[in-house]
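Each remark here refers to the structure printed beneath this line.
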Amino acid sequence: MYSKKVLDHFKNPRNQGKLEDANAVAQKGNPVCGDVMKIYLKIENGIIKDAKFETLGCAAAIAVSSLLTEYIKGMTLEEAKKVTKDDIIREADGLPPAKVHCSMLGIDAALTALKNYEEREK
Ligand code: FES
C-alpha cells in the first residue's frame, strides 16, 4: 500500500511540467519497466532555485518525482548530490518494497543533470 503522502503527490503532483529557463536538464529511463523521467533544474549561485519534472511512469515514479523536486529546491549542489533513495523514501513516508526501484529514476536524473551542469560550468 502507498502512504497518504505518496497518494497525495501522485494525485496532485507538485512541479510537474517543463521549466522554460532551466539550466540543467537530464532524462533517465528504467530499462526494465520502460518508465521515463525528465528533470529540469534552475541553478543560480550554486543553489537549486527551481525544479520541475515530466514523468511517464507508474504512480510511485510520479509521486517520487514530485517529492524529489520539492525536496531539493533550495539545496546547494553539494547537498543535492548527497540525496539518496533512502532520503526520498523517508520523505515519502515509505514505499512498498516492489516500488523502491522507482525512487531511483528521479535521483538518477537529478544526479545526471547536476553532473552535466558542473561539467559545463568548469
Ligand atoms: Fe517503472 Fe515504477 S514501475 S518506475
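Starting from 1 in every chain, residues are counted up; chains themselves are A, B, ... following the order of the C-alpha cells, and ligands are numbered from 1 as listed.
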
### Within 12 Å of Lys82 (chain A) using only C-alpha atoms, minus same-chain residues under 4 positions, as a ChimeraX atom specification
/A:72,75-78,86-88,107-108,110-111,114

Those residues with N, CA, C and O atoms, as a PDB file, in the first residue's frame please?
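Output file result_6.pdb is given in full below:
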ATOM      1  N   ILE A  72      14.631  18.941  -3.140  1.00  0.00           N
ATOM      2  CA  ILE A  72      15.942  19.506  -3.498  1.00  0.00           C
ATOM      3  C   ILE A  72      15.909  21.006  -3.741  1.00  0.00           C
ATOM      4  O   ILE A  72      16.964  21.631  -3.818  1.00  0.00           O
ATOM      5  N   MET A  75      18.399  23.569  -2.088  1.00  0.00           N
ATOM      6  CA  MET A  75      19.654  22.910  -1.678  1.00  0.00           C
ATOM      7  C   MET A  75      20.830  23.459  -2.490  1.00  0.00           C
ATOM      8  O   MET A  75      20.652  23.908  -3.627  1.00  0.00           O
ATOM      9  N   THR A  76      22.027  23.362  -1.899  1.00  0.00           N
ATOM     10  CA  THR A  76      23.242  23.638  -2.668  1.00  0.00           C
ATOM     11  C   THR A  76      23.495  22.408  -3.554  1.00  0.00           C
ATOM     12  O   THR A  76      22.930  21.329  -3.309  1.00  0.00           O
ATOM     13  N   LEU A  77      24.363  22.584  -4.535  1.00  0.00           N
ATOM     14  CA  LEU A  77      24.683  21.450  -5.408  1.00  0.00           C
ATOM     15  C   LEU A  77      25.287  20.306  -4.599  1.00  0.00           C
ATOM     16  O   LEU A  77      24.971  19.138  -4.820  1.00  0.00           O
ATOM     17  N   GLU A  78      26.139  20.649  -3.641  1.00  0.00           N
ATOM     18  CA  GLU A  78      26.780  19.618  -2.819  1.00  0.00           C
ATOM     19  C   GLU A  78      25.742  18.844  -2.011  1.00  0.00           C
ATOM     20  O   GLU A  78      25.821  17.614  -1.894  1.00  0.00           O
ATOM     21  N   ASP A  86      17.130   6.505   0.105  1.00  0.00           N
ATOM     22  CA  ASP A  86      16.603   6.402   1.472  1.00  0.00           C
ATOM     23  C   ASP A  86      16.000   7.733   1.928  1.00  0.00           C
ATOM     24  O   ASP A  86      14.985   7.747   2.628  1.00  0.00           O
ATOM     25  N   ASP A  87      16.628   8.851   1.545  1.00  0.00           N
ATOM     26  CA  ASP A  87      16.068  10.169   1.893  1.00  0.00           C
ATOM     27  C   ASP A  87      14.686  10.326   1.272  1.00  0.00           C
ATOM     28  O   ASP A  87      13.751  10.804   1.909  1.00  0.00           O
ATOM     29  N   ILE A  88      14.579   9.939   0.022  1.00  0.00           N
ATOM     30  CA  ILE A  88      13.317  10.141  -0.690  1.00  0.00           C
ATOM     31  C   ILE A  88      12.243   9.188  -0.164  1.00  0.00           C
ATOM     32  O   ILE A  88      11.080   9.553  -0.014  1.00  0.00           O
ATOM     33  N   ILE A 107      16.240  10.251  -8.814  1.00  0.00           N
ATOM     34  CA  ILE A 107      17.564  10.542  -8.254  1.00  0.00           C
ATOM     35  C   ILE A 107      18.624  10.432  -9.348  1.00  0.00           C
ATOM     36  O   ILE A 107      19.493  11.294  -9.477  1.00  0.00           O
ATOM     37  N   ASP A 108      18.525   9.404 -10.170  1.00  0.00           N
ATOM     38  CA  ASP A 108      19.482   9.251 -11.274  1.00  0.00           C
ATOM     39  C   ASP A 108      19.407  10.438 -12.223  1.00  0.00           C
ATOM     40  O   ASP A 108      20.434  10.955 -12.673  1.00  0.00           O
ATOM     41  N   ALA A 110      18.319  13.492 -11.519  1.00  0.00           N
ATOM     42  CA  ALA A 110      18.814  14.697 -10.846  1.00  0.00           C
ATOM     43  C   ALA A 110      20.344  14.693 -10.802  1.00  0.00           C
ATOM     44  O   ALA A 110      20.981  15.707 -11.102  1.00  0.00           O
ATOM     45  N   LEU A 111      20.938  13.553 -10.475  1.00  0.00           N
ATOM     46  CA  LEU A 111      22.406  13.481 -10.395  1.00  0.00           C
ATOM     47  C   LEU A 111      23.042  13.722 -11.761  1.00  0.00           C
ATOM     48  O   LEU A 111      24.062  14.396 -11.870  1.00  0.00           O
ATOM     49  N   LEU A 114      22.880  17.433 -12.540  1.00  0.00           N
ATOM     50  CA  LEU A 114      23.883  18.176 -11.764  1.00  0.00           C
ATOM     51  C   LEU A 114      25.283  17.964 -12.347  1.00  0.00           C
ATOM     52  O   LEU A 114      26.073  18.900 -12.455  1.00  0.00           O
TER      53      LEU A 114
END

Nearby polymer residues, ligand 1, at most 10 Å, only C-alpha atoms and all ligand atoms, as a ChimeraX atom specification = /A:29-37,55-64,98-106

With N, CA and C atoms retained, export the selected residues as a PDB file, in the first residue's frame.
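That gives us result_20.pdb:
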ATOM      1  N   GLY A  29      15.704   6.679 -17.989  1.00  0.00           N
ATOM      2  CA  GLY A  29      14.668   5.683 -18.180  1.00  0.00           C
ATOM      3  C   GLY A  29      14.997   4.437 -17.389  1.00  0.00           C
ATOM      4  N   ASN A  30      13.973   3.722 -17.028  1.00  0.00           N
ATOM      5  CA  ASN A  30      14.178   2.433 -16.373  1.00  0.00           C
ATOM      6  C   ASN A  30      14.011   1.354 -17.445  1.00  0.00           C
ATOM      7  N   PRO A  31      15.101   0.687 -17.817  1.00  0.00           N
ATOM      8  CA  PRO A  31      15.011  -0.265 -18.927  1.00  0.00           C
ATOM      9  C   PRO A  31      14.079  -1.436 -18.632  1.00  0.00           C
ATOM     10  N   VAL A  32      13.839  -1.707 -17.351  1.00  0.00           N
ATOM     11  CA  VAL A  32      13.007  -2.870 -17.004  1.00  0.00           C
ATOM     12  C   VAL A  32      11.533  -2.576 -17.259  1.00  0.00           C
ATOM     13  N   CYS A  33      11.053  -1.427 -16.751  1.00  0.00           N
ATOM     14  CA  CYS A  33       9.625  -1.140 -16.889  1.00  0.00           C
ATOM     15  C   CYS A  33       9.330  -0.156 -18.020  1.00  0.00           C
ATOM     16  N   GLY A  34      10.374   0.529 -18.510  1.00  0.00           N
ATOM     17  CA  GLY A  34      10.163   1.472 -19.611  1.00  0.00           C
ATOM     18  C   GLY A  34       9.754   2.863 -19.161  1.00  0.00           C
ATOM     19  N   ASP A  35       9.640   3.097 -17.857  1.00  0.00           N
ATOM     20  CA  ASP A  35       9.250   4.421 -17.364  1.00  0.00           C
ATOM     21  C   ASP A  35      10.388   5.424 -17.576  1.00  0.00           C
ATOM     22  N   VAL A  36       9.991   6.674 -17.798  1.00  0.00           N
ATOM     23  CA  VAL A  36      10.974   7.716 -18.126  1.00  0.00           C
ATOM     24  C   VAL A  36      10.702   8.961 -17.299  1.00  0.00           C
ATOM     25  N   MET A  37      11.779   9.579 -16.802  1.00  0.00           N
ATOM     26  CA  MET A  37      11.641  10.825 -16.038  1.00  0.00           C
ATOM     27  C   MET A  37      12.617  11.853 -16.587  1.00  0.00           C
ATOM     28  N   THR A  55       7.284  13.099 -16.038  1.00  0.00           N
ATOM     29  CA  THR A  55       7.479  11.661 -15.831  1.00  0.00           C
ATOM     30  C   THR A  55       6.375  10.879 -16.518  1.00  0.00           C
ATOM     31  N   LEU A  56       6.804   9.918 -17.321  1.00  0.00           N
ATOM     32  CA  LEU A  56       5.869   8.962 -17.899  1.00  0.00           C
ATOM     33  C   LEU A  56       6.120   7.675 -17.149  1.00  0.00           C
ATOM     34  N   GLY A  57       5.289   7.391 -16.177  1.00  0.00           N
ATOM     35  CA  GLY A  57       5.600   6.211 -15.394  1.00  0.00           C
ATOM     36  C   GLY A  57       4.510   5.846 -14.416  1.00  0.00           C
ATOM     37  N   CYS A  58       4.878   4.968 -13.525  1.00  0.00           N
ATOM     38  CA  CYS A  58       3.942   4.437 -12.545  1.00  0.00           C
ATOM     39  C   CYS A  58       3.621   5.495 -11.484  1.00  0.00           C
ATOM     40  N   ALA A  59       2.645   5.193 -10.651  1.00  0.00           N
ATOM     41  CA  ALA A  59       2.223   6.120  -9.594  1.00  0.00           C
ATOM     42  C   ALA A  59       3.395   6.473  -8.684  1.00  0.00           C
ATOM     43  N   ALA A  60       4.200   5.485  -8.344  1.00  0.00           N
ATOM     44  CA  ALA A  60       5.332   5.744  -7.439  1.00  0.00           C
ATOM     45  C   ALA A  60       6.345   6.656  -8.108  1.00  0.00           C
ATOM     46  N   ALA A  61       6.606   6.446  -9.384  1.00  0.00           N
ATOM     47  CA  ALA A  61       7.594   7.274 -10.092  1.00  0.00           C
ATOM     48  C   ALA A  61       7.124   8.727 -10.143  1.00  0.00           C
ATOM     49  N   ILE A  62       5.842   8.940 -10.375  1.00  0.00           N
ATOM     50  CA  ILE A  62       5.309  10.307 -10.442  1.00  0.00           C
ATOM     51  C   ILE A  62       5.350  10.951  -9.053  1.00  0.00           C
ATOM     52  N   ALA A  63       4.914  10.215  -8.043  1.00  0.00           N
ATOM     53  CA  ALA A  63       4.910  10.761  -6.676  1.00  0.00           C
ATOM     54  C   ALA A  63       6.335  11.083  -6.225  1.00  0.00           C
ATOM     55  N   VAL A  64       7.268  10.191  -6.522  1.00  0.00           N
ATOM     56  CA  VAL A  64       8.652  10.399  -6.096  1.00  0.00           C
ATOM     57  C   VAL A  64       9.270  11.581  -6.845  1.00  0.00           C
ATOM     58  N   ALA A  98       8.337  -3.465  -3.578  1.00  0.00           N
ATOM     59  CA  ALA A  98       8.389  -3.678  -5.029  1.00  0.00           C
ATOM     60  C   ALA A  98       8.533  -2.365  -5.785  1.00  0.00           C
ATOM     61  N   LYS A  99       8.344  -1.247  -5.092  1.00  0.00           N
ATOM     62  CA  LYS A  99       8.391   0.061  -5.757  1.00  0.00           C
ATOM     63  C   LYS A  99       9.628   0.875  -5.397  1.00  0.00           C
ATOM     64  N   VAL A 100      10.509   0.279  -4.609  1.00  0.00           N
ATOM     65  CA  VAL A 100      11.702   1.025  -4.173  1.00  0.00           C
ATOM     66  C   VAL A 100      12.542   1.450  -5.383  1.00  0.00           C
ATOM     67  N   HIS A 101      12.612   0.579  -6.399  1.00  0.00           N
ATOM     68  CA  HIS A 101      13.430   0.932  -7.578  1.00  0.00           C
ATOM     69  C   HIS A 101      12.902   2.176  -8.279  1.00  0.00           C
ATOM     70  N   CYS A 102      11.610   2.452  -8.134  1.00  0.00           N
ATOM     71  CA  CYS A 102      11.005   3.614  -8.807  1.00  0.00           C
ATOM     72  C   CYS A 102      11.599   4.911  -8.275  1.00  0.00           C
ATOM     73  N   SER A 103      12.073   4.884  -7.021  1.00  0.00           N
ATOM     74  CA  SER A 103      12.628   6.100  -6.426  1.00  0.00           C
ATOM     75  C   SER A 103      13.967   6.453  -7.066  1.00  0.00           C
ATOM     76  N   MET A 104      14.601   5.481  -7.733  1.00  0.00           N
ATOM     77  CA  MET A 104      15.914   5.730  -8.323  1.00  0.00           C
ATOM     78  C   MET A 104      15.846   6.547  -9.612  1.00  0.00           C
ATOM     79  N   LEU A 105      14.706   6.480 -10.263  1.00  0.00           N
ATOM     80  CA  LEU A 105      14.565   7.165 -11.550  1.00  0.00           C
ATOM     81  C   LEU A 105      14.844   8.669 -11.390  1.00  0.00           C
ATOM     82  N   GLY A 106      14.169   9.282 -10.432  1.00  0.00           N
ATOM     83  CA  GLY A 106      14.327  10.722 -10.205  1.00  0.00           C
ATOM     84  C   GLY A 106      15.718  11.073  -9.707  1.00  0.00           C
TER      85      GLY A 106
END

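Of the listed residues (A:Lys52, A:Lys28, A:Lys85, A:Lys38), A:Lys52 comes nearest to Gln16 (chain A); the distances count only C-alpha atoms.
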
(Q) Among chain A, which ones does DSSP assign to helix (DSSP H, G or I) (computed from the backbone)? Answer as a count of residues only. (A) 57

From CA of Tyr40 (chain A) to CA of Ala24 (chain A) the spacing works out at 6.0 Å

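Each of A:Lys122, A:Lys115, A:Lys81, A:Arg90 was compared to Ser3 (chain A) using only C-alpha atoms, and A:Arg90 turns out to be the nearest.
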
Here CA of Glu70 (chain A) and CA of Arg14 (chain A) stand apart by 7.3 Å

One decimal place gives the CA of Met1 (chain A)-CA of Pro96 (chain A) separation as 6.3 Å

Q. Where does DSSP see strand (DSSP E) in chain A, if you list the residues as an MDAnalysis selection string?
A. chainID A and resid 24:29 36:44 47:56

Give me, as a tab-separated table (two decimals) with all heavy atoms, in the first residue's frame, all polymer residues having an atom no more than 8 Å from Ala22 (chain A), counting only C-alpha atoms and skipping those fewer than 5 positions away in the same chain.
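Heads up, here's the output in around_18.tsv:
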chain	number	residue	atom	x	y	z
A	40	TYR	N	14.18	19.08	-14.75
A	40	TYR	CA	14.65	20.41	-15.15
A	40	TYR	C	15.06	21.16	-13.87
A	40	TYR	O	14.26	21.23	-12.93
A	40	TYR	CB	13.52	21.22	-15.79
A	40	TYR	CG	12.90	20.61	-17.02
A	40	TYR	CD1	11.87	19.69	-16.91
A	40	TYR	CD2	13.33	20.98	-18.29
A	40	TYR	CE1	11.27	19.14	-18.04
A	40	TYR	CE2	12.75	20.44	-19.43
A	40	TYR	CZ	11.71	19.52	-19.29
A	40	TYR	OH	11.13	18.97	-20.42
A	41	LEU	N	16.26	21.69	-13.86
A	41	LEU	CA	16.71	22.45	-12.68
A	41	LEU	C	17.14	23.84	-13.10
A	41	LEU	O	17.74	24.03	-14.16
A	41	LEU	CB	17.91	21.75	-12.02
A	41	LEU	CG	17.72	20.30	-11.58
A	41	LEU	CD1	19.04	19.73	-11.08
A	41	LEU	CD2	16.65	20.18	-10.52
A	42	LYS	N	16.82	24.79	-12.25
A	42	LYS	CA	17.33	26.16	-12.44
A	42	LYS	C	18.31	26.40	-11.31
A	42	LYS	O	17.93	26.43	-10.13
A	42	LYS	CB	16.15	27.13	-12.36
A	42	LYS	CG	16.54	28.58	-12.31
A	42	LYS	CD	16.90	29.08	-13.68
A	42	LYS	CE	17.36	30.53	-13.62
A	42	LYS	NZ	18.09	30.90	-14.81
A	43	ILE	N	19.59	26.51	-11.67
A	43	ILE	CA	20.64	26.67	-10.66
A	43	ILE	C	21.21	28.08	-10.74
A	43	ILE	O	21.54	28.57	-11.84
A	43	ILE	CB	21.75	25.62	-10.89
A	43	ILE	CG1	21.16	24.21	-10.81
A	43	ILE	CG2	22.88	25.79	-9.88
A	43	ILE	CD1	22.06	23.10	-11.28
